[in-house]
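Chemist: Provided herewith is a single structure, encoded as structure tokens, for subsequent inquiry.
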Amino acid sequence: MNTCQTLNSLFSPKSIAILGASNTAGKSGAVPIALLLEAGYAGKIYPVNPRQDTIYDLPCHACLSDIDDAIDLVIVAVPAAHVLAALEKSRPGQISNAVIFSSGFAEVGDAGFQLQQQLRAFAQERHIRLLGPNCLGFINVRTHTYATFSPAPLNGRLPAGDVGMVTQSGAFGAYAYCLARERHLGLSCWISTGNESDLDVADCIQWLVDDPDTNVIMAYIEGCKNGDKLKRALAAANNASKPVVVTKIGRTNSGALAAASHTAALAGDDAVYDALFKQYGAIRAYTIEEFFNVGQALSKWPRRSANHNLAIISISGGVGALMADEADEHRLNLPTPPDEVKARLLARIPFAGANNPVDVTGHALTDLSILLDTSRDLLSTGNYGALAIFLAAAGSSETLWPYLQELVSVLHTEYPDIPLTISALLPPERKNVLQQSGSMVFADPSVAIRTLSRIMRHRPAMIPAVTDEQSSVSPPEGVGALNEADSLALLNNATIPVIPFAVANSASEAQAIARRWNSPAVMKIVSADILHKSDVGGVKLGIKGDQAVSHAYDDILSSVQSKMPQAKIDGVLVAPMRNGGIECIMGVHRDAVFGPVVMFGLGGIFVEILKDVSFRLAPFDRGQALSMIQEIRATALLSGARGQGPADIAALADTLVALSRLAYEQREYIESIDINPILALPEGQGVLALDGVIIRNRTAQPVN
């Protein structure tokens with residue numbers, strides 16, 4: 001039986017036992033029973049408490065083994081110290097799943113962690129899936145399964161819908177439940193994962209992907225222990241066209257401790273998560289309001305066209321301009337309506353603004369048919385992917401209210417797949433009426449535009465299949481840093497173009513090598529012990545002629561030996577100087593959770609000071625590589641600026657793909673890679689790595 005089939009018995013149980021069941025209203029052992037009975041749960045309920053005969057008029061059992069039947073789900077509401085003993089009283093194979101409300105486990109320290117490990121070991125031995133401990137439980141709205149002790153449902157139930165919500169935080173989960181209820185946002189399931197001793201957010205996302213009642217997934221994430229599992233879950237959602245809206249908290253820079261690597265220094269936790277979400281088609285929300293706005297909008301309009309054209313109708317020219325600015329900033333197009341559409345509007349309001357935004361002025365409020373007619377005119381062209389209407393305070397008008405209802409109802413009926421937003425001041429009950437009729441309502445028109453942008457521009461990502469093919473390179477064994485010569489050789493074998501070079505072990509060898517190229521030479525110390533060669537006088541540039549080469553060779557060795565006498569010297573690298581092109585940087589850093597992460601940026605000030613870089617998780621394809629390049633703020637320099645021709649962006653993308661493949665194939669062997677600089681030559685001339693450093697993992701061996 002696969003994981004999703006197993007989890008069906010957890011999230012859609014036909015029988016539930018409650019350990020620590022209670023008659024006292026409000027207690028964690030009483031709330032789920034009250035909720036299940038009140039909601040009309042159709043399965044069997046077994047209260048378990050050795051000190052009670054009946055609970056909520058249901059027969060009570062002293063322990064799990066007193067129950068004759070097999071049980072799909074056990075809700076555990078006893079103190080942490082008693083959880084394991086209570087579960088151990090079940091018969092082997094009797095229970096399939098358990099939701100552990102109890103706190104006092106890993107969240108409180110080492111003793112609690114050990115207790116949690118014992119609980120996990122028991123569950124694995126008995127083939128029991130665990131949700132929690134220290135979790136708020138879950139709700140399956142459609143099956144009326146309330147396996148939670150949150151009092152939130154007691155104050156009002158949610159309508160059944162197609163949005164599945166999973167959160168690591170119980171407190172946020174209860175808050176989110178209440179927000180969803182206020183918005184009349186229908187949920188399929190609501191899940192809190194707590195300490196995640198077994199099931200985690202990724203498992204729940206995977207189950208929601210396979211749940212036929214769920215079409216949109218909202219996830220609140222604080223951290224991740226298994227990056228591969230989360231990647232698989234997001235990929236499954238992406239491939240099933242079930243959008244995932246995610247809020248990730250904790251923007252730390254714990255990854256910035258490894259100063260030897262630019263990539264490690266820049267790839268903090270948040271940058272890696274950001275790359276993950278972009279690459280796997282998830283929509284990241286940065287505020288709770290955005291989290292709910294985007295999730296609700298995706299639920300309303302699951303079938304959207306790829307049209308990024310927006311139509312704006314406003315009763316205020318100034319606010320229309322503000323909305324246009326917002327649309328432009330978020331890469332939405334505002335095409336002008338056809339002449340016949342403009343003519344019909346101007347015939348009714350000669351002083352209207354007939355372009356896009358369409359300013360119908362306050363006159364539209366005296367002739368209420370203008371709004372609907374203009375909206376129909378715009379949408380009937382088929383040229384617009386969404387419509388945003390601004391009505392200011394007129395939304396609270398008693399005269400306008402019936403017309404507003406008609407406007408939304410008609411447009412939703414005629415254009416059900418076209419997102420419609422109304423920006424107006426409305427009391428909550430009227431806002432909900434319009435949203436139930438097929439629009440979204442915002443007090444702030446800028447928020448309306450931002451929400452439309454997130455859903456209009458979202459498309460499933462192209463995620464290449466990952467295979468564990470035999471590695472295309474044979475790196476040298478050992479640990480720690482490779483010297484520059486070995487690093488460049490390894491990169492070259494991985495189809496990453498590198499500068500021609502050779503290593504000299506005498507001044508005469510250096511002279512012979514330098515004569516190969518009709519250009520000045522670059523000379524650098526070769527030593528795995530020296531990562532920052534310039535700091536110890538280990539680099540000479542623009543060297544020309546035998547005598548200069550000989551002097552440079554001697555100077556390099558003398559300087560290095562005096563400043564780092566303990567360093568092992570492998571010779572002096574000699575290569576031709578290269579001018580022209582644009583200096584870029586590429587790198588790899590192995591993230592502890594998600595594995596190798598590839599970085600790209602422009603060199604110099606852009607990476608050192610501005611930190612203008614982009615990231616992706618290895619491996620990836622050419623499309624993702626091009627997105628990385630286009631993402632950086634200085635990408636215009638690569639496309640050609642100040643009369644310069646474009647750089648070879650295609651070759652940069654191919655090189656990033658090759659680097660990602662190398663990083664993934666040797667993910668257990670390579671800790672980091674720095675290619676700095678890599679020269680982007682003019683279009684059609686390729687790229688050239690001028691320097692490279694590869695640092696090997698301290699323990700793993702290469703894949704051959």
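In the structure tokens, the first chain shown is A, the next is B, and so on; residue numbers restart at 1 for each chain, and ligands run from 1 in the order shown.
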Skip Ile16 in chain A itself and residues of its chain fewer than 4 positions away, then list as a list in words all residues within 10 Å of it, counting only C-alpha atoms.

Modeler: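 So, after excluding close chain neighbours, the residues are Leu10, Ile33, Leu36, Gly43, Lys44, Ile45, Tyr46, Pro47, Ala70, Ile71, Asp72, Leu73, Val74, Ile75, Ile95, Asn97, Ala98, Thr145 and Ala147 of chain A.
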
Chemist: Hey, what's within 7 Å of Ala680 in chain A if we count only C-alpha atoms and toss same-chain stuff fewer than 5 positions away? As a VMD selection string, please?

Modeler: chain A and resid 581 to 584 647 to 648 652 686 to 688

Chemist: Find the spatial neighbours of range 630-643 of chain A, counting only C-alpha atoms, within a cut-off of 7 Å - ignore same-chain residues fewer than 5 positions away - and output them as a PyMOL selection string.

Modeler: chain A and resi 601+612-614

Chemist: Got a sec to tell me which of range 375-589 of chain A DSSP assigns to strand (DSSP E or B), as a ChimeraX atom specification?

Modeler: /A:386-392,420-424,440-442,480-481,498,502-504,521-525,539-543,572-576,582-589

Chemist: Given the selection you just returned, output its residues as a file containing N, CA and C atoms, formatted as a CSV table (one decimal), in the first residue's frame.

Modeler:
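Saved as out.csv:
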```csv
chain,number,residue,atom,x,y,z
A,386,ALA,N,-8.1,39.6,-17.6
A,386,ALA,CA,-8.7,39.9,-16.4
A,386,ALA,C,-9.3,41.3,-16.4
A,387,LEU,N,-10.2,41.6,-15.5
A,387,LEU,CA,-10.8,43.0,-15.4
A,387,LEU,C,-10.8,43.4,-14.0
A,388,ALA,N,-10.3,44.7,-13.8
A,388,ALA,CA,-10.2,45.3,-12.5
A,388,ALA,C,-11.1,46.6,-12.5
A,389,ILE,N,-12.0,46.7,-11.6
A,389,ILE,CA,-12.9,47.8,-11.5
A,389,ILE,C,-12.7,48.6,-10.2
A,390,PHE,N,-12.6,49.9,-10.3
A,390,PHE,CA,-12.5,50.7,-9.1
A,390,PHE,C,-13.7,51.6,-8.9
A,391,LEU,N,-14.4,51.5,-7.7
A,391,LEU,CA,-15.6,52.3,-7.5
A,391,LEU,C,-15.6,53.2,-6.3
A,392,ALA,N,-14.4,53.3,-5.6
A,392,ALA,CA,-14.2,54.2,-4.5
A,392,ALA,C,-15.3,53.9,-3.4
A,420,LEU,N,-12.1,38.7,-12.0
A,420,LEU,CA,-12.8,40.0,-11.9
A,420,LEU,C,-12.5,40.5,-10.5
A,421,THR,N,-12.0,41.7,-10.3
A,421,THR,CA,-11.9,42.3,-9.0
A,421,THR,C,-12.7,43.6,-8.9
A,422,ILE,N,-13.3,43.9,-7.8
A,422,ILE,CA,-14.0,45.1,-7.5
A,422,ILE,C,-13.2,45.8,-6.4
A,423,SER,N,-12.8,47.0,-6.6
A,423,SER,CA,-12.1,47.8,-5.5
A,423,SER,C,-13.1,48.8,-5.0
A,424,ALA,N,-13.6,48.6,-3.8
A,424,ALA,CA,-14.6,49.5,-3.3
A,424,ALA,C,-14.7,49.4,-1.7
A,440,MET,N,-13.6,39.1,-6.7
A,440,MET,CA,-12.9,39.3,-5.4
A,440,MET,C,-13.0,40.8,-5.1
A,441,VAL,N,-13.1,41.1,-3.9
A,441,VAL,CA,-13.3,42.5,-3.5
A,441,VAL,C,-12.2,43.0,-2.6
A,442,PHE,N,-11.6,44.2,-2.9
A,442,PHE,CA,-10.5,44.8,-2.2
A,442,PHE,C,-10.8,46.2,-1.9
A,480,GLY,N,38.8,18.0,0.7
A,480,GLY,CA,39.3,19.4,0.7
A,480,GLY,C,39.4,20.0,-0.6
A,481,ALA,N,40.1,21.1,-0.7
A,481,ALA,CA,40.1,21.9,-2.0
A,481,ALA,C,41.0,21.2,-3.0
A,498,VAL,N,36.9,26.4,-20.4
A,498,VAL,CA,37.9,27.0,-19.5
A,498,VAL,C,39.0,27.6,-20.4
A,502,ALA,N,48.5,25.8,-18.8
A,502,ALA,CA,49.5,24.7,-18.4
A,502,ALA,C,50.2,25.1,-17.2
A,503,VAL,N,50.7,24.1,-16.5
A,503,VAL,CA,51.4,24.3,-15.2
A,503,VAL,C,52.9,24.2,-15.4
A,504,ALA,N,53.6,25.2,-14.9
A,504,ALA,CA,55.1,25.1,-15.0
A,504,ALA,C,55.7,24.9,-13.7
A,521,ALA,N,50.7,37.1,-20.7
A,521,ALA,CA,50.3,35.9,-19.9
A,521,ALA,C,49.8,36.3,-18.6
A,522,VAL,N,49.0,35.4,-18.0
A,522,VAL,CA,48.6,35.4,-16.6
A,522,VAL,C,49.3,34.3,-15.9
A,523,MET,N,49.9,34.6,-14.8
A,523,MET,CA,50.6,33.6,-14.0
A,523,MET,C,50.1,33.5,-12.6
A,524,LYS,N,49.8,32.3,-12.1
A,524,LYS,CA,49.2,32.2,-10.8
A,524,LYS,C,49.8,31.0,-10.1
A,525,ILE,N,49.9,31.1,-8.8
A,525,ILE,CA,50.4,30.0,-8.0
A,525,ILE,C,49.4,28.9,-8.0
A,539,VAL,N,49.7,36.1,-7.9
A,539,VAL,CA,49.1,36.4,-9.2
A,539,VAL,C,49.9,37.5,-9.9
A,540,LYS,N,50.2,37.3,-11.1
A,540,LYS,CA,50.9,38.3,-12.0
A,540,LYS,C,50.1,38.4,-13.3
A,541,LEU,N,49.8,39.6,-13.7
A,541,LEU,CA,49.0,39.8,-14.9
A,541,LEU,C,49.8,40.6,-16.0
A,542,GLY,N,49.4,40.3,-17.2
A,542,GLY,CA,50.0,41.1,-18.3
A,542,GLY,C,51.4,40.9,-18.5
A,543,ILE,N,51.9,39.6,-18.3
A,543,ILE,CA,53.4,39.3,-18.4
A,543,ILE,C,53.7,39.0,-19.9
A,572,VAL,N,53.3,26.7,-11.1
A,572,VAL,CA,52.7,28.0,-11.4
A,572,VAL,C,51.9,27.8,-12.7
A,573,LEU,N,50.6,28.2,-12.7
A,573,LEU,CA,49.7,28.1,-13.8
A,573,LEU,C,50.0,29.3,-14.8
A,574,VAL,N,50.1,29.0,-16.1
A,574,VAL,CA,50.4,30.0,-17.1
A,574,VAL,C,49.2,30.0,-18.1
A,575,ALA,N,48.6,31.1,-18.4
A,575,ALA,CA,47.5,31.1,-19.3
A,575,ALA,C,47.5,32.5,-20.0
A,576,PRO,N,46.9,32.6,-21.2
A,576,PRO,CA,46.8,33.8,-21.9
A,576,PRO,C,45.9,34.8,-21.3
A,582,ILE,N,32.1,40.2,-20.8
A,582,ILE,CA,31.5,40.7,-19.5
A,582,ILE,C,31.8,39.6,-18.4
A,583,GLU,N,32.4,40.1,-17.3
A,583,GLU,CA,32.8,39.1,-16.3
A,583,GLU,C,31.5,38.7,-15.5
A,584,CYS,N,31.3,37.4,-15.4
A,584,CYS,CA,30.2,36.8,-14.6
A,584,CYS,C,30.8,35.9,-13.5
A,585,ILE,N,29.9,35.4,-12.7
A,585,ILE,CA,30.3,34.5,-11.6
A,585,ILE,C,29.3,33.4,-11.6
A,586,MET,N,29.8,32.1,-11.5
A,586,MET,CA,28.9,31.0,-11.3
A,586,MET,C,29.5,30.2,-10.1
A,587,GLY,N,28.6,29.5,-9.4
A,587,GLY,CA,29.1,28.8,-8.3
A,587,GLY,C,28.1,27.7,-7.9
A,588,VAL,N,28.5,26.9,-7.0
A,588,VAL,CA,27.7,25.8,-6.4
A,588,VAL,C,28.0,25.7,-4.9
A,589,HIS,N,26.9,25.6,-4.1
A,589,HIS,CA,27.0,25.4,-2.7
A,589,HIS,C,26.1,24.3,-2.3
```

Chemist: Between CA of Asp621 in chain A and CA of Val657 in chain A, what is the distance in Å, rounded to a tenth?

Modeler: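 That distance, rounded to one decimal, is 5.9 Å.
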
Chemist: With only C-alpha atoms counted and 10 Å as the cut-off, give the residues of range 279-391 of chain A in contact with range 160-172 of chain A, each with its shortest interatomic distance in Å and the pair that gives it, as a Markdown table.

Modeler:
```
| residue | atom | partner | partner_atom | distance |
| --- | --- | --- | --- | --- |
| A:Gly295 | CA | A:Val163 | CA | 7.6 |
| A:Gln296 | CA | A:Val163 | CA | 8.1 |
| A:Leu298 | CA | A:Val163 | CA | 9.1 |
| A:Ser299 | CA | A:Val163 | CA | 6.7 |
| A:Lys300 | CA | A:Asp162 | CA | 9.6 |
```

Chemist: For a test of reading the model, state the distance in Å between CA of Ala354 in chain A and CA of Lys431 in chain A, rounded to one decimal.

Modeler: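 It comes out at 28.2 Å.
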
Chemist: Please list as a PDB file with C-alpha atoms, in the first residue's frame every residue within 10 Å of Gly318 in chain A, counting only C-alpha atoms and excluding residues in the same chain fewer than 5 positions away.

Modeler:
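Contents of selection_10.pdb, freshly written:
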```
ATOM      1  CA  MET A 323      -3.561  51.002 -10.874  1.00  0.00           C
ATOM      2  CA  ALA A 324      -1.798  51.292 -14.224  1.00  0.00           C
ATOM      3  CA  ASP A 359     -12.037  56.372 -16.903  1.00  0.00           C
TER       4      ASP A 359
END
```

Chemist: Rank A:Ile100, A:Ala297, A:Val597, A:Leu426 by their smallest atom-to-atom distance to Gly186 in chain A, using only C-alpha atoms, and report the top residue only.

Modeler: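 Between A:Ile100, A:Ala297, A:Val597, A:Leu426, the residue approaching Gly186 in chain A most closely is A:Ala297.
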
Chemist: To test your reading of the structure, identify every residue in range 126-216 of chain A that backbone DSSP assigns to alpha helix (DSSP H), and report it as a list in words.

Modeler: Arg126, Gly170, Ala171, Phe172, Gly173, Ala174, Tyr175, Ala176, Tyr177, Cys178, Leu179, Ala180, Arg181, Glu182, Arg183, Val201, Ala202, Asp203, Cys204, Ile205, Gln206, Trp207, Leu208, Val209 and Asp210 of chain A

Chemist: Keeping N, CA and C atoms for every residue in the selection just given, could you write it to a file as a PDB file, in the first residue's frame?

Modeler:
```
ATOM      1  N   ARG A 126       5.030  -0.829  14.634  1.00  0.00           N
ATOM      2  CA  ARG A 126       3.620  -1.224  14.493  1.00  0.00           C
ATOM      3  C   ARG A 126       3.009  -0.757  13.162  1.00  0.00           C
ATOM      4  N   GLY A 170       0.587  25.219  14.812  1.00  0.00           N
ATOM      5  CA  GLY A 170      -0.788  25.080  15.244  1.00  0.00           C
ATOM      6  C   GLY A 170      -1.455  26.421  15.485  1.00  0.00           C
ATOM      7  N   ALA A 171      -0.722  27.348  16.103  1.00  0.00           N
ATOM      8  CA  ALA A 171      -1.297  28.668  16.384  1.00  0.00           C
ATOM      9  C   ALA A 171      -1.668  29.369  15.086  1.00  0.00           C
ATOM     10  N   PHE A 172      -0.758  29.316  14.099  1.00  0.00           N
ATOM     11  CA  PHE A 172      -1.092  29.924  12.815  1.00  0.00           C
ATOM     12  C   PHE A 172      -2.256  29.182  12.171  1.00  0.00           C
ATOM     13  N   GLY A 173      -2.288  27.859  12.338  1.00  0.00           N
ATOM     14  CA  GLY A 173      -3.369  27.084  11.740  1.00  0.00           C
ATOM     15  C   GLY A 173      -4.728  27.506  12.246  1.00  0.00           C
ATOM     16  N   ALA A 174      -4.851  27.714  13.572  1.00  0.00           N
ATOM     17  CA  ALA A 174      -6.126  28.156  14.133  1.00  0.00           C
ATOM     18  C   ALA A 174      -6.490  29.545  13.620  1.00  0.00           C
ATOM     19  N   TYR A 175      -5.483  30.408  13.550  1.00  0.00           N
ATOM     20  CA  TYR A 175      -5.684  31.764  13.032  1.00  0.00           C
ATOM     21  C   TYR A 175      -6.132  31.711  11.568  1.00  0.00           C
ATOM     22  N   ALA A 176      -5.456  30.846  10.785  1.00  0.00           N
ATOM     23  CA  ALA A 176      -5.792  30.727   9.367  1.00  0.00           C
ATOM     24  C   ALA A 176      -7.201  30.178   9.176  1.00  0.00           C
ATOM     25  N   TYR A 177      -7.604  29.243  10.031  1.00  0.00           N
ATOM     26  CA  TYR A 177      -8.967  28.708   9.966  1.00  0.00           C
ATOM     27  C   TYR A 177      -9.982  29.835  10.127  1.00  0.00           C
ATOM     28  N   CYS A 178      -9.736  30.702  11.114  1.00  0.00           N
ATOM     29  CA  CYS A 178     -10.668  31.812  11.367  1.00  0.00           C
ATOM     30  C   CYS A 178     -10.673  32.808  10.210  1.00  0.00           C
ATOM     31  N   LEU A 179      -9.497  33.082   9.638  1.00  0.00           N
ATOM     32  CA  LEU A 179      -9.442  33.987   8.490  1.00  0.00           C
ATOM     33  C   LEU A 179     -10.196  33.403   7.295  1.00  0.00           C
ATOM     34  N   ALA A 180     -10.026  32.098   7.075  1.00  0.00           N
ATOM     35  CA  ALA A 180     -10.741  31.459   5.970  1.00  0.00           C
ATOM     36  C   ALA A 180     -12.246  31.543   6.185  1.00  0.00           C
ATOM     37  N   ARG A 181     -12.675  31.383   7.421  1.00  0.00           N
ATOM     38  CA  ARG A 181     -14.102  31.461   7.720  1.00  0.00           C
ATOM     39  C   ARG A 181     -14.630  32.867   7.472  1.00  0.00           C
ATOM     40  N   GLU A 182     -13.857  33.883   7.878  1.00  0.00           N
ATOM     41  CA  GLU A 182     -14.283  35.266   7.626  1.00  0.00           C
ATOM     42  C   GLU A 182     -14.422  35.555   6.144  1.00  0.00           C
ATOM     43  N   ARG A 183     -13.551  34.956   5.343  1.00  0.00           N
ATOM     44  CA  ARG A 183     -13.555  35.192   3.900  1.00  0.00           C
ATOM     45  C   ARG A 183     -14.539  34.279   3.160  1.00  0.00           C
ATOM     46  N   VAL A 201       5.015  18.356   6.243  1.00  0.00           N
ATOM     47  CA  VAL A 201       4.262  19.155   5.276  1.00  0.00           C
ATOM     48  C   VAL A 201       4.311  18.534   3.891  1.00  0.00           C
ATOM     49  N   ALA A 202       5.473  18.016   3.513  1.00  0.00           N
ATOM     50  CA  ALA A 202       5.606  17.417   2.176  1.00  0.00           C
ATOM     51  C   ALA A 202       4.669  16.229   2.007  1.00  0.00           C
ATOM     52  N   ASP A 203       4.566  15.366   3.028  1.00  0.00           N
ATOM     53  CA  ASP A 203       3.637  14.227   2.960  1.00  0.00           C
ATOM     54  C   ASP A 203       2.206  14.714   2.769  1.00  0.00           C
ATOM     55  N   CYS A 204       1.852  15.774   3.493  1.00  0.00           N
ATOM     56  CA  CYS A 204       0.481  16.287   3.409  1.00  0.00           C
ATOM     57  C   CYS A 204       0.210  16.923   2.049  1.00  0.00           C
ATOM     58  N   ILE A 205       1.184  17.657   1.520  1.00  0.00           N
ATOM     59  CA  ILE A 205       1.020  18.215   0.168  1.00  0.00           C
ATOM     60  C   ILE A 205       0.830  17.083  -0.829  1.00  0.00           C
ATOM     61  N   GLN A 206       1.644  16.031  -0.709  1.00  0.00           N
ATOM     62  CA  GLN A 206       1.536  14.901  -1.627  1.00  0.00           C
ATOM     63  C   GLN A 206       0.149  14.274  -1.551  1.00  0.00           C
ATOM     64  N   TRP A 207      -0.396  14.124  -0.339  1.00  0.00           N
ATOM     65  CA  TRP A 207      -1.735  13.552  -0.210  1.00  0.00           C
ATOM     66  C   TRP A 207      -2.789  14.478  -0.806  1.00  0.00           C
ATOM     67  N   LEU A 208      -2.649  15.769  -0.589  1.00  0.00           N
ATOM     68  CA  LEU A 208      -3.607  16.723  -1.140  1.00  0.00           C
ATOM     69  C   LEU A 208      -3.561  16.735  -2.664  1.00  0.00           C
ATOM     70  N   VAL A 209      -2.380  16.485  -3.241  1.00  0.00           N
ATOM     71  CA  VAL A 209      -2.278  16.392  -4.702  1.00  0.00           C
ATOM     72  C   VAL A 209      -3.176  15.268  -5.211  1.00  0.00           C
ATOM     73  N   ASP A 210      -3.211  14.157  -4.483  1.00  0.00           N
ATOM     74  CA  ASP A 210      -4.002  13.000  -4.918  1.00  0.00           C
ATOM     75  C   ASP A 210      -5.452  13.059  -4.451  1.00  0.00           C
TER      76      ASP A 210
END
```

Chemist: Need to verify the contact set: Gly362 in chain A, 12 Å, only C-alpha atoms, exclusion of same-chain residues closer than 6 positions in sequence. Can you return it as a PyMOL selection string?

Modeler: chain A and resi 313-317+349+351-353+368+370-371+390-394
